[in-house]
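K.L.:
What follows is work.cif, mmCIF, C-alpha atoms and all ligand atoms.
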```cif
data_coords
#
loop_
_atom_site.label_atom_id
_atom_site.label_comp_id
_atom_site.auth_asym_id
_atom_site.auth_seq_id
_atom_site.Cartn_x
_atom_site.Cartn_y
_atom_site.Cartn_z
CA MET A 1 -134.32 27.88 -33.29
CA LEU A 2 -133.21 25.25 -30.81
CA ILE A 3 -133.88 24.25 -27.22
CA ASN A 4 -131.05 23.13 -25.00
CA SER A 5 -132.32 19.80 -23.61
CA GLU A 6 -129.79 19.97 -20.79
CA LEU A 7 -131.42 23.14 -19.48
CA CYS A 8 -135.09 22.62 -20.39
CA ILE A 9 -137.30 21.69 -17.43
CA GLY A 10 -140.26 20.70 -19.62
CA CYS A 11 -142.63 23.38 -18.33
CA GLU A 12 -144.21 23.64 -21.83
CA LYS A 13 -144.52 27.39 -21.46
CA CYS A 14 -142.99 27.93 -24.87
CA ASN A 15 -145.09 25.43 -26.82
CA PRO A 16 -148.13 27.67 -27.49
CA TYR A 17 -145.99 30.57 -28.72
CA CYS A 18 -145.05 28.79 -31.91
CA PRO A 19 -147.27 29.94 -34.83
CA VAL A 20 -146.62 26.75 -36.80
CA GLY A 21 -146.77 24.17 -34.00
CA ALA A 22 -143.08 23.27 -34.32
CA ILE A 23 -142.49 22.98 -30.55
CA TYR A 24 -143.48 19.65 -29.09
CA THR A 25 -142.93 17.80 -25.85
CA ASP A 26 -140.67 14.78 -26.00
CA ALA A 27 -142.61 12.40 -23.74
CA SER A 28 -139.65 10.16 -22.91
CA GLU A 29 -137.18 12.95 -22.16
CA LYS A 30 -139.87 15.25 -20.68
CA VAL A 31 -138.44 18.30 -22.41
CA SER A 32 -139.69 20.54 -25.22
CA LYS A 33 -138.05 20.20 -28.61
CA ILE A 34 -138.29 22.04 -31.91
CA ASP A 35 -139.02 20.27 -35.17
CA LEU A 36 -136.57 22.05 -37.46
CA THR A 37 -138.46 20.99 -40.58
CA GLU A 38 -141.50 22.93 -39.40
CA CYS A 39 -139.76 25.82 -37.57
CA VAL A 40 -139.84 28.98 -39.71
CA GLU A 41 -137.28 30.85 -37.53
CA CYS A 42 -139.76 33.58 -36.62
CA GLY A 43 -138.14 34.21 -33.21
CA SER A 44 -141.47 34.27 -31.37
CA CYS A 45 -140.57 31.58 -28.81
CA LEU A 46 -137.24 33.22 -28.00
CA ARG A 47 -138.72 36.70 -27.60
CA GLN A 48 -142.11 35.96 -26.11
CA ALA A 49 -142.06 32.74 -24.10
CA ASN A 50 -139.79 34.06 -21.38
CA CYS A 51 -138.23 30.67 -20.77
CA PRO A 52 -137.45 30.41 -17.03
CA VAL A 53 -134.09 28.74 -17.67
CA ASP A 54 -133.05 30.44 -20.94
CA ALA A 55 -133.03 27.14 -22.76
CA ILE A 56 -134.22 28.56 -26.09
CA TYR A 57 -131.46 29.85 -28.34
CA GLN A 58 -130.93 30.95 -31.91
CA GLN A 59 -128.51 28.69 -33.71
CA GLU A 60 -126.41 30.17 -36.50
CA LEU A 61 -128.58 30.29 -39.60
CA VAL A 62 -126.90 29.46 -42.88
CA TRP A 63 -128.18 29.78 -46.41
CA PRO A 64 -130.75 28.72 -47.54
CA ARG A 65 -132.32 28.44 -44.07
CA THR A 66 -131.78 32.17 -43.54
CA ILE A 67 -134.71 32.77 -45.85
CA ARG A 68 -137.01 31.45 -43.12
CA SER A 69 -135.99 34.24 -40.78
CA ILE A 70 -136.03 36.89 -43.52
CA MET A 71 -139.65 36.06 -44.40
CA SER A 72 -140.97 35.07 -40.99
CA ASP A 73 -139.29 37.18 -38.32
CA PRO A 74 -141.04 40.57 -38.23
CA LEU A 75 -137.86 42.17 -36.85
CA THR A 76 -135.60 41.18 -39.74
CA ILE A 77 -134.90 44.21 -41.93
CA THR A 78 -134.31 43.30 -45.54
CA GLU A 79 -131.66 44.92 -47.72
CA GLU A 80 -134.02 45.33 -50.67
CA SER A 81 -136.89 47.17 -49.00
CA GLY A 82 -134.98 48.77 -46.12
CA ILE A 83 -137.81 47.85 -43.75
CA ALA A 84 -138.79 44.89 -41.63
CA GLY A 85 -141.39 42.65 -43.19
CA ARG A 86 -141.92 40.71 -46.36
CA GLY A 87 -143.05 43.35 -48.80
CA THR A 88 -142.36 46.95 -49.70
CA GLU A 89 -143.88 50.07 -48.22
CA GLU A 90 -145.46 51.01 -51.53
CA MET A 91 -148.81 49.48 -50.77
CA LYS A 92 -149.28 51.80 -47.85
CA THR A 93 -147.65 54.94 -49.18
CA ASN A 94 -148.97 55.18 -52.71
CA ASP A 95 -150.65 58.50 -51.96
CA VAL A 96 -147.16 59.97 -51.52
CA THR A 97 -144.96 57.95 -53.87
CA GLY A 98 -147.45 57.39 -56.69
CA ARG A 99 -145.87 54.05 -57.57
CA PHE A 100 -149.19 52.77 -58.88
CA ARG A 101 -150.42 55.32 -61.40
CA ASN A 102 -153.73 55.90 -63.12
CA GLY A 103 -154.69 52.85 -65.14
CA TYR A 104 -152.40 50.52 -63.16
CA VAL A 105 -152.90 48.26 -60.18
CA GLY A 106 -150.37 47.10 -57.64
CA VAL A 107 -150.94 43.45 -56.83
CA GLY A 108 -149.84 41.81 -53.60
CA ILE A 109 -150.31 38.07 -53.19
CA GLU A 110 -149.72 37.15 -49.56
CA MET A 111 -148.99 33.45 -49.34
CA GLY A 112 -149.14 31.50 -46.08
CA ARG A 113 -150.60 32.16 -42.67
CA PRO A 114 -149.88 31.13 -39.07
CA ILE A 115 -150.46 27.38 -38.61
CA LEU A 116 -150.01 26.67 -42.32
CA GLY A 117 -146.96 28.63 -43.40
CA ALA A 118 -145.92 28.28 -47.03
CA TYR A 119 -143.28 26.21 -48.76
CA MET A 120 -141.22 28.06 -51.34
CA SER A 121 -142.07 25.34 -53.84
CA ASP A 122 -145.71 26.48 -53.60
CA VAL A 123 -144.71 30.14 -53.83
CA GLU A 124 -142.84 29.28 -57.01
CA LYS A 125 -145.94 27.71 -58.55
CA VAL A 126 -147.68 31.07 -58.21
CA THR A 127 -144.75 33.23 -59.35
CA LYS A 128 -144.25 31.01 -62.40
CA ALA A 129 -147.94 31.19 -63.27
CA VAL A 130 -148.11 35.00 -63.14
CA ALA A 131 -144.69 35.39 -64.79
CA ALA A 132 -145.98 33.41 -67.76
CA TYR A 133 -148.62 36.12 -68.07
CA GLY A 134 -145.85 38.69 -68.49
CA VAL A 135 -145.85 40.50 -65.15
CA VAL A 136 -142.77 42.38 -63.93
CA PHE A 137 -142.04 41.65 -60.28
CA GLU A 138 -141.42 44.51 -57.84
CA PRO A 139 -137.62 44.95 -57.71
CA CYS A 140 -137.52 46.19 -54.09
CA ASN A 141 -139.41 43.20 -52.76
CA PRO A 142 -136.99 40.74 -51.10
CA LEU A 143 -138.79 37.78 -52.67
CA THR A 144 -138.04 39.08 -56.16
CA THR A 145 -134.30 39.07 -55.59
CA LEU A 146 -134.45 35.40 -54.59
CA MET A 147 -135.55 34.46 -58.08
CA SER A 148 -132.89 32.93 -60.29
CA ASP A 149 -134.90 34.10 -63.30
CA GLN A 150 -137.39 36.93 -62.83
CA THR A 151 -138.88 36.50 -66.29
CA SER A 152 -139.99 32.93 -65.48
CA GLY A 153 -140.60 33.39 -61.74
CA LYS A 154 -138.15 30.56 -60.99
CA PHE A 155 -136.39 30.47 -57.61
CA GLN A 156 -132.97 29.13 -56.80
CA ASN A 157 -133.42 25.36 -56.45
CA GLU A 158 -132.03 25.16 -52.91
CA LEU A 159 -134.84 27.44 -51.71
CA LEU A 160 -137.72 25.24 -52.81
CA GLY A 161 -137.73 23.04 -49.70
CA GLU A 162 -137.68 26.00 -47.32
CA LYS A 163 -140.77 26.89 -45.32
CA VAL A 164 -141.75 30.44 -44.33
CA LEU A 165 -144.56 31.83 -42.21
CA SER A 166 -145.75 33.92 -45.12
CA THR A 167 -144.40 35.94 -47.98
CA ILE A 168 -145.66 38.55 -50.42
CA ILE A 169 -145.41 38.43 -54.22
CA GLU A 170 -145.66 41.96 -55.65
CA PHE A 171 -146.02 43.34 -59.15
CA THR A 172 -147.81 46.06 -61.10
CA VAL A 173 -150.12 45.50 -64.07
CA PRO A 174 -152.46 47.61 -66.21
CA ILE A 175 -156.04 47.39 -64.95
CA ASN A 176 -157.18 45.66 -68.13
CA ARG A 177 -154.97 42.66 -67.26
CA ILE A 178 -156.41 42.07 -63.79
CA SER A 179 -159.12 39.67 -65.00
CA GLY A 180 -156.40 37.50 -66.56
CA ILE A 181 -154.41 37.55 -63.32
CA ILE A 182 -157.43 36.48 -61.28
CA LYS A 183 -158.16 33.59 -63.67
CA ILE A 184 -154.54 32.42 -63.41
CA LEU A 185 -154.61 32.60 -59.62
CA LYS A 186 -157.85 30.64 -59.46
CA ASP A 187 -156.25 27.90 -61.56
CA VAL A 188 -152.97 27.73 -59.68
CA SER A 189 -154.71 27.83 -56.28
CA LYS A 190 -155.76 24.20 -56.89
CA GLN A 191 -152.11 23.14 -57.02
CA ILE A 192 -150.85 24.67 -53.79
CA ASP A 193 -150.92 23.39 -50.25
CA THR A 194 -151.45 26.69 -48.43
CA VAL A 195 -153.66 29.76 -48.57
CA PHE A 196 -153.15 33.19 -50.08
CA SER A 197 -154.90 36.52 -49.90
CA LEU A 198 -154.97 39.06 -52.65
CA GLY A 199 -154.44 42.81 -52.28
CA PHE A 200 -155.00 45.36 -55.04
CA ILE A 201 -153.78 48.94 -54.78
CA SER A 202 -154.91 51.64 -57.14
CA LYS A 203 -155.80 55.29 -57.28
CA LEU A 204 -159.49 56.11 -57.36
CA ASP A 205 -160.89 56.73 -60.83
CA SER A 206 -162.39 60.04 -61.99
CA ASP A 207 -165.70 59.19 -60.25
CA GLU A 208 -163.74 58.62 -57.07
CA MET A 209 -164.58 54.93 -57.22
CA PHE A 210 -162.20 52.01 -56.80
CA PRO A 211 -161.73 51.00 -60.45
CA LEU A 212 -161.60 47.28 -59.72
CA ASN A 213 -165.01 46.95 -58.07
CA HIS A 214 -166.83 45.75 -61.17
CA ILE A 215 -164.08 43.25 -62.04
CA LEU A 216 -164.13 41.72 -58.56
CA ASP A 217 -167.95 41.66 -58.65
CA GLU A 218 -167.83 39.74 -61.95
CA PHE A 219 -165.68 37.09 -60.29
CA GLY A 220 -167.90 36.98 -57.20
CA ILE A 221 -164.94 37.98 -55.03
CA ASN A 222 -165.81 39.60 -51.70
CA TYR A 223 -163.58 42.56 -50.94
CA ALA A 224 -162.94 44.95 -48.10
CA PRO A 225 -161.87 48.34 -49.48
CA ASN A 226 -159.44 50.38 -47.42
CA GLY A 227 -158.90 54.01 -48.29
CA LYS A 228 -155.88 56.12 -47.54
CA THR A 229 -155.91 59.85 -48.17
CA ASN A 230 -152.87 62.05 -48.03
CA VAL A 231 -154.02 64.96 -45.90
CA GLY A 232 -150.84 66.92 -46.54
CA LEU A 233 -148.47 65.34 -44.06
CA GLY A 234 -146.48 63.78 -46.88
CA ARG A 235 -145.77 65.78 -50.02
CA PRO A 236 -146.78 63.77 -53.10
CA LEU A 237 -143.60 62.88 -54.95
CA PHE A 238 -145.35 62.16 -58.22
CA LYS A 239 -148.15 63.85 -60.14
CA GLU A 240 -150.15 62.38 -62.96
CA LYS A 241 -150.19 64.39 -66.19
CA GLY A 242 -152.54 67.34 -65.78
CA GLU A 243 -152.52 67.27 -61.96
CA LEU A 244 -151.39 70.34 -60.09
CA VAL A 245 -148.04 70.05 -58.29
S1 LIG B 1 -140.11 27.46 -21.68
FE1 LIG B 1 -137.98 26.80 -21.52
S2 LIG B 1 -137.97 25.29 -19.88
FE2 LIG B 1 -140.10 25.56 -20.47
S3 LIG B 1 -140.42 23.93 -21.99
FE3 LIG B 1 -139.84 25.78 -23.13
S4 LIG B 1 -137.62 25.60 -23.37
FE4 LIG B 1 -138.21 24.17 -21.76
S1 LIG B 2 -138.65 30.26 -34.01
FE1 LIG B 2 -140.85 30.51 -34.45
S2 LIG B 2 -141.35 28.79 -35.74
FE2 LIG B 2 -139.40 28.27 -34.76
S3 LIG B 2 -139.97 27.16 -32.95
FE3 LIG B 2 -139.77 29.29 -32.33
S4 LIG B 2 -141.85 30.10 -32.49
FE4 LIG B 2 -141.81 28.17 -33.65
#
```
Starting from the file, lay out its structure as C-alpha cells.
P.N.:
Amino acid sequence: MLINSELCIGCEKCNPYCPVGAIYTDASEKVSKIDLTECVECGSCLRQANCPVDAIYQQELVWPRTIRSIMSDPLTITEESGIAGRGTEEMKTNDVTGRFRNGYVGVGIEMGRPILGAYMSDVEKVTKAVAAYGVVFEPCNPLTTLMSDQTSGKFQNELLGEKVLSTIIEFTVPINRISGIIKILKDVSKQIDTVFSLGFISKLDSDEMFPLNHILDEFGINYAPNGKTNVGLGRPLFKEKGELV
C-alpha cells in the first residue's frame, strides 16, 4: 500500500488503522508514509481509514509481495481453498465433511498476530520441523502450495523475506502422534520471532469426550474446547465404518 505525499494533508487519521504499525508520520514533510518492509498489504487503511483526500492507494503487487495480500487481506479469495482467509473450511465443517476421522486429529498452527505479524522464514522453521516428523500438509491450504518441497516443508527462497499478518499451517495426524508434534513445536518455538496458537480438530471419542484432553493435560497446556454439532442442516458426506448413513 502507498500514500500519495502530494495529496496527503497529514491528518494522521489512517495511522491507527494499521495492524502492524507500518504507517508513520514523516515529521519533516508532515505527511503520513507507509514503511513497505513492515506493511503486510492487508488493505485495512484503504478500506477503513476513509482518507479525506483519497491519498491511500494500492500499488500493483508483484510476486513475491503478493503473498502478503493473500495471507493478510481477509477479502482475498485463494484459488486453493476457494474462500477468503488463510486456511481451509475443514476445521469448521468437519461434522459435515468428515475430513478428520476417528483416530485422527486435524492440526492448525496459526502463526502471527496483529502487531507482530510473521516472517515466512519463521513459518518455514515450523513447517520444516513438523515435516521432518512425517506430516502430510493439507493440499487445499494456500500455504501448502507455496512450498517448493512439501516433504521437507521448504518454501520457495524468494518468499522467506516476506512478512504476513498471520498464516495457518494445516495437516492431519493420527492421535498417537500428537505428543510428538507438541514436543517438536515446543522446541521450534524457541527459534521463532513471533507467536503461534495451536488448534486441534477431532471427533469426540466413544465416551463423547475430546480425545486429546489427557494429552494436553500431560503437557500442562490450557485449552478452550469448542463443540460443533451438526443438527441436520448439512448432510454428513462421510460416515465412519459402522455408522448409519
Ligand atoms: S488519512 Fe489520508 S490525508 Fe490523513 S494522514 Fe492518512 S493518507 Fe494522509
Ligand atoms: S495495507 Fe495494512 S499493513 Fe499496509 S499500511 Fe495499510 S493497514 Fe498497514
K.L.:
In Å to one decimal, how far is CA of Asn15 in chain A from CA of Glu29 in chain A?
P.N.:
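Between these atoms lies a distance of 15.5 Å.
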K.L.:
Using all atoms listed in the file, determine which residues lie at most 7 Å from range 176-188 of chain A, disregarding the query and same-chain residues fewer than 2 positions distant; provide the list as a ChimeraX atom specification.
P.N.:
/A:126,129-130,173-174,190-192,215
K.L.:
May I have the residues from that selection written out with C-alpha atoms, as a PDB file, in the coordinates of the input?
P.N.:
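In the end it all went to again_25.pdb:
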```
ATOM      1  CA  VAL A 126    -147.680  31.070 -58.210  1.00  0.00           C
ATOM      2  CA  ALA A 129    -147.940  31.190 -63.270  1.00  0.00           C
ATOM      3  CA  VAL A 130    -148.110  35.000 -63.140  1.00  0.00           C
ATOM      4  CA  VAL A 173    -150.120  45.500 -64.070  1.00  0.00           C
ATOM      5  CA  PRO A 174    -152.460  47.610 -66.210  1.00  0.00           C
ATOM      6  CA  LYS A 190    -155.760  24.200 -56.890  1.00  0.00           C
ATOM      7  CA  GLN A 191    -152.110  23.140 -57.020  1.00  0.00           C
ATOM      8  CA  ILE A 192    -150.850  24.670 -53.790  1.00  0.00           C
ATOM      9  CA  ILE A 215    -164.080  43.250 -62.040  1.00  0.00           C
TER      10      ILE A 215
END
```
K.L.:
Once you count all atoms listed in the file, which residues end up no further than 12 Å from (-132.8, 25.7, -52.7) in the file's frame, shown as a PyMOL selection string?
P.N.:
chain A and resi 63-68+119-121+124+146-148+154-163
K.L.:
For the contact check between chain A and ligand LIG 2 (chain B), emit one row per residue of chain A within 9 Å, containing the shortest atom pair and the distance in Å rounded to one decimal, counting all atoms listed in the file, chain then rising number order, as a Markdown table.
P.N.:
```
| residue | atom | partner | partner_atom | distance |
| --- | --- | --- | --- | --- |
| A:Met1 | CA | B:LIG2 | S1 | 5.0 |
| A:Leu2 | CA | B:LIG2 | S3 | 7.3 |
| A:Ile3 | CA | B:LIG2 | S3 | 8.9 |
| A:Cys14 | CA | B:LIG2 | S4 | 8.0 |
| A:Asn15 | CA | B:LIG2 | S4 | 8.0 |
| A:Pro16 | CA | B:LIG2 | S4 | 8.4 |
| A:Tyr17 | CA | B:LIG2 | S4 | 5.6 |
| A:Cys18 | CA | B:LIG2 | S4 | 3.5 |
| A:Pro19 | CA | B:LIG2 | FE4 | 5.9 |
| A:Val20 | CA | B:LIG2 | S2 | 5.7 |
| A:Gly21 | CA | B:LIG2 | FE4 | 6.4 |
| A:Ala22 | CA | B:LIG2 | FE4 | 5.1 |
| A:Ile23 | CA | B:LIG2 | S3 | 5.4 |
| A:Lys33 | CA | B:LIG2 | S3 | 8.4 |
| A:Ile34 | CA | B:LIG2 | S3 | 5.5 |
| A:Asp35 | CA | B:LIG2 | S3 | 7.3 |
| A:Leu36 | CA | B:LIG2 | FE2 | 7.3 |
| A:Glu38 | CA | B:LIG2 | S2 | 6.9 |
| A:Cys39 | CA | B:LIG2 | FE2 | 3.7 |
| A:Val40 | CA | B:LIG2 | S2 | 4.3 |
| A:Glu41 | CA | B:LIG2 | S1 | 3.8 |
| A:Cys42 | CA | B:LIG2 | FE1 | 3.9 |
| A:Gly43 | CA | B:LIG2 | S1 | 4.1 |
| A:Ser44 | CA | B:LIG2 | S4 | 4.3 |
| A:Cys45 | CA | B:LIG2 | S4 | 4.2 |
| A:Leu46 | CA | B:LIG2 | FE3 | 6.4 |
| A:Arg47 | CA | B:LIG2 | S4 | 8.8 |
| A:Gln48 | CA | B:LIG2 | S4 | 8.7 |
| A:Ala49 | CA | B:LIG2 | S4 | 8.8 |
| A:Ile56 | CA | B:LIG2 | FE3 | 8.4 |
| A:Gln58 | CA | B:LIG2 | S1 | 8.0 |
| A:Arg68 | CA | B:LIG2 | S2 | 9.0 |
| A:Ser69 | CA | B:LIG2 | S1 | 8.3 |
| A:Ser72 | CA | B:LIG2 | FE1 | 8.0 |
| A:Asp73 | CA | B:LIG2 | FE1 | 7.9 |
| A:Val164 | CA | B:LIG2 | S2 | 8.8 |
| A:Leu165 | CA | B:LIG2 | S2 | 7.8 |
```
K.L.:
Where's the centre, and what are the edge lengths in Å to one decimal, of a box along x, y and z enclosing all listed atoms of range 152-171 of chain A padded 3 Å per side, as JSON?
P.N.:
```
{"center_x": -139.0, "center_y": 33.2, "center_z": -53.8, "size_x": 20.0, "size_y": 26.3, "size_z": 29.3}
```
K.L.:
Give the answer as one residue: which of A:Gly134, A:Tyr223, A:Glu6, A:Pro52 has the shortest atom-to-atom distance to ligand LIG 1 (chain B), using all atoms listed in the file?
P.N.:
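Nearest candidate to ligand LIG 1 (chain B) out of A:Gly134, A:Tyr223, A:Glu6, A:Pro52: A:Pro52.
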K.L.:
Counting all atoms listed in the file, give me one row per residue of chain A with an atom at most 6 Å from an atom of ligand LIG 1 (chain B), showing the shortest contact pair and its distance in Å to one decimal, sorted by chain then residue number, as a Markdown table.
P.N.:
```
| residue | atom | partner | partner_atom | distance |
| --- | --- | --- | --- | --- |
| A:Ile3 | CA | B:LIG1 | S4 | 5.5 |
| A:Cys8 | CA | B:LIG1 | FE4 | 3.7 |
| A:Ile9 | CA | B:LIG1 | S2 | 4.4 |
| A:Gly10 | CA | B:LIG1 | S3 | 4.0 |
| A:Cys11 | CA | B:LIG1 | FE2 | 4.0 |
| A:Glu12 | CA | B:LIG1 | S3 | 3.8 |
| A:Lys13 | CA | B:LIG1 | S1 | 4.4 |
| A:Cys14 | CA | B:LIG1 | FE3 | 4.2 |
| A:Val31 | CA | B:LIG1 | FE4 | 5.9 |
| A:Ser32 | CA | B:LIG1 | S3 | 4.7 |
| A:Cys51 | CA | B:LIG1 | S1 | 3.8 |
| A:Pro52 | CA | B:LIG1 | FE1 | 5.8 |
| A:Val53 | CA | B:LIG1 | S2 | 5.6 |
| A:Ala55 | CA | B:LIG1 | S4 | 4.9 |
| A:Ile56 | CA | B:LIG1 | S4 | 5.3 |
```
K.L.:
Just the residues within 12 Å of Ile175 in chain A, please, counting only C-alpha atoms, with nothing from its chain fewer than 5 positions along; format it as a list in words.
P.N.:
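Neighbouring residues, sequence-local ones excluded: Phe100, Arg101, Asn102, Gly103, Tyr104, Val105, Gly106, Val107, Gly180, Ile181, Ile182, Phe200, Ile201, Ser202, Lys203, Asp205, Phe210, Pro211, Leu212, Asn213, His214, Ile215 and Leu216 of chain A.
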K.L.:
Please, what distance in Å, to one decimal, runs between CA of Gly199 in chain A and CA of Thr144 in chain A?
P.N.:
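Distance reported for this atom pair: 17.3 Å.
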K.L.:
Quick one: pull the distance between CA of Ile169 in chain A and CA of Thr229 in chain A, Å, one decimal.
P.N.:
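So the two atoms, CA of Ile169 in chain A and CA of Thr229 in chain A, lie 24.6 Å apart.
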K.L.:
For Ile168 in chain A, work out the shell of residues within 12 Å, counting only C-alpha atoms and skipping chain neighbours fewer than 6 positions away, then give it as a ChimeraX atom specification.
P.N.:
/A:70-72,85-89,91,107-113,118,120,123-124,126-127,137-138,140-144,196-199
K.L.:
Would you mind completing range 145-156 of chain A to N, CA, C and O atoms and writing the output as a CSV table (one decimal), in the frame of the given file?
P.N.:
```csv
chain,number,residue,atom,x,y,z
A,145,THR,N,-135.7,39.3,-55.4
A,145,THR,CA,-134.3,39.1,-55.6
A,145,THR,C,-133.9,37.6,-55.4
A,145,THR,O,-132.7,37.2,-55.7
A,146,LEU,N,-134.8,36.8,-54.8
A,146,LEU,CA,-134.4,35.4,-54.6
A,146,LEU,C,-134.7,34.6,-55.9
A,146,LEU,O,-134.4,33.4,-55.9
A,147,MET,N,-135.3,35.2,-56.9
A,147,MET,CA,-135.6,34.5,-58.1
A,147,MET,C,-134.3,34.3,-58.9
A,147,MET,O,-133.5,35.2,-59.0
A,148,SER,N,-134.0,33.1,-59.4
A,148,SER,CA,-132.9,32.9,-60.3
A,148,SER,C,-133.2,33.5,-61.7
A,148,SER,O,-132.3,33.8,-62.4
A,149,ASP,N,-134.5,33.6,-62.0
A,149,ASP,CA,-134.9,34.1,-63.3
A,149,ASP,C,-136.2,34.8,-63.1
A,149,ASP,O,-137.3,34.2,-63.0
A,150,GLN,N,-136.2,36.1,-63.1
A,150,GLN,CA,-137.4,36.9,-62.8
A,150,GLN,C,-138.4,36.9,-64.0
A,150,GLN,O,-139.6,37.2,-63.8
A,151,THR,N,-137.9,36.5,-65.2
A,151,THR,CA,-138.9,36.5,-66.3
A,151,THR,C,-139.7,35.2,-66.2
A,151,THR,O,-140.9,35.2,-66.7
A,152,SER,N,-139.2,34.2,-65.6
A,152,SER,CA,-140.0,32.9,-65.5
A,152,SER,C,-140.6,32.7,-64.1
A,152,SER,O,-141.3,31.8,-63.9
A,153,GLY,N,-140.1,33.6,-63.1
A,153,GLY,CA,-140.6,33.4,-61.7
A,153,GLY,C,-140.0,32.2,-61.0
A,153,GLY,O,-140.4,31.8,-60.0
A,154,LYS,N,-138.8,31.7,-61.6
A,154,LYS,CA,-138.2,30.6,-61.0
A,154,LYS,C,-137.3,31.0,-59.8
A,154,LYS,O,-136.6,32.0,-59.9
A,155,PHE,N,-137.3,30.2,-58.7
A,155,PHE,CA,-136.4,30.5,-57.6
A,155,PHE,C,-135.2,29.6,-57.7
A,155,PHE,O,-135.1,28.6,-58.4
A,156,GLN,N,-134.2,30.0,-56.9
A,156,GLN,CA,-133.0,29.1,-56.8
A,156,GLN,C,-133.4,27.8,-56.2
A,156,GLN,O,-134.2,27.7,-55.3
```
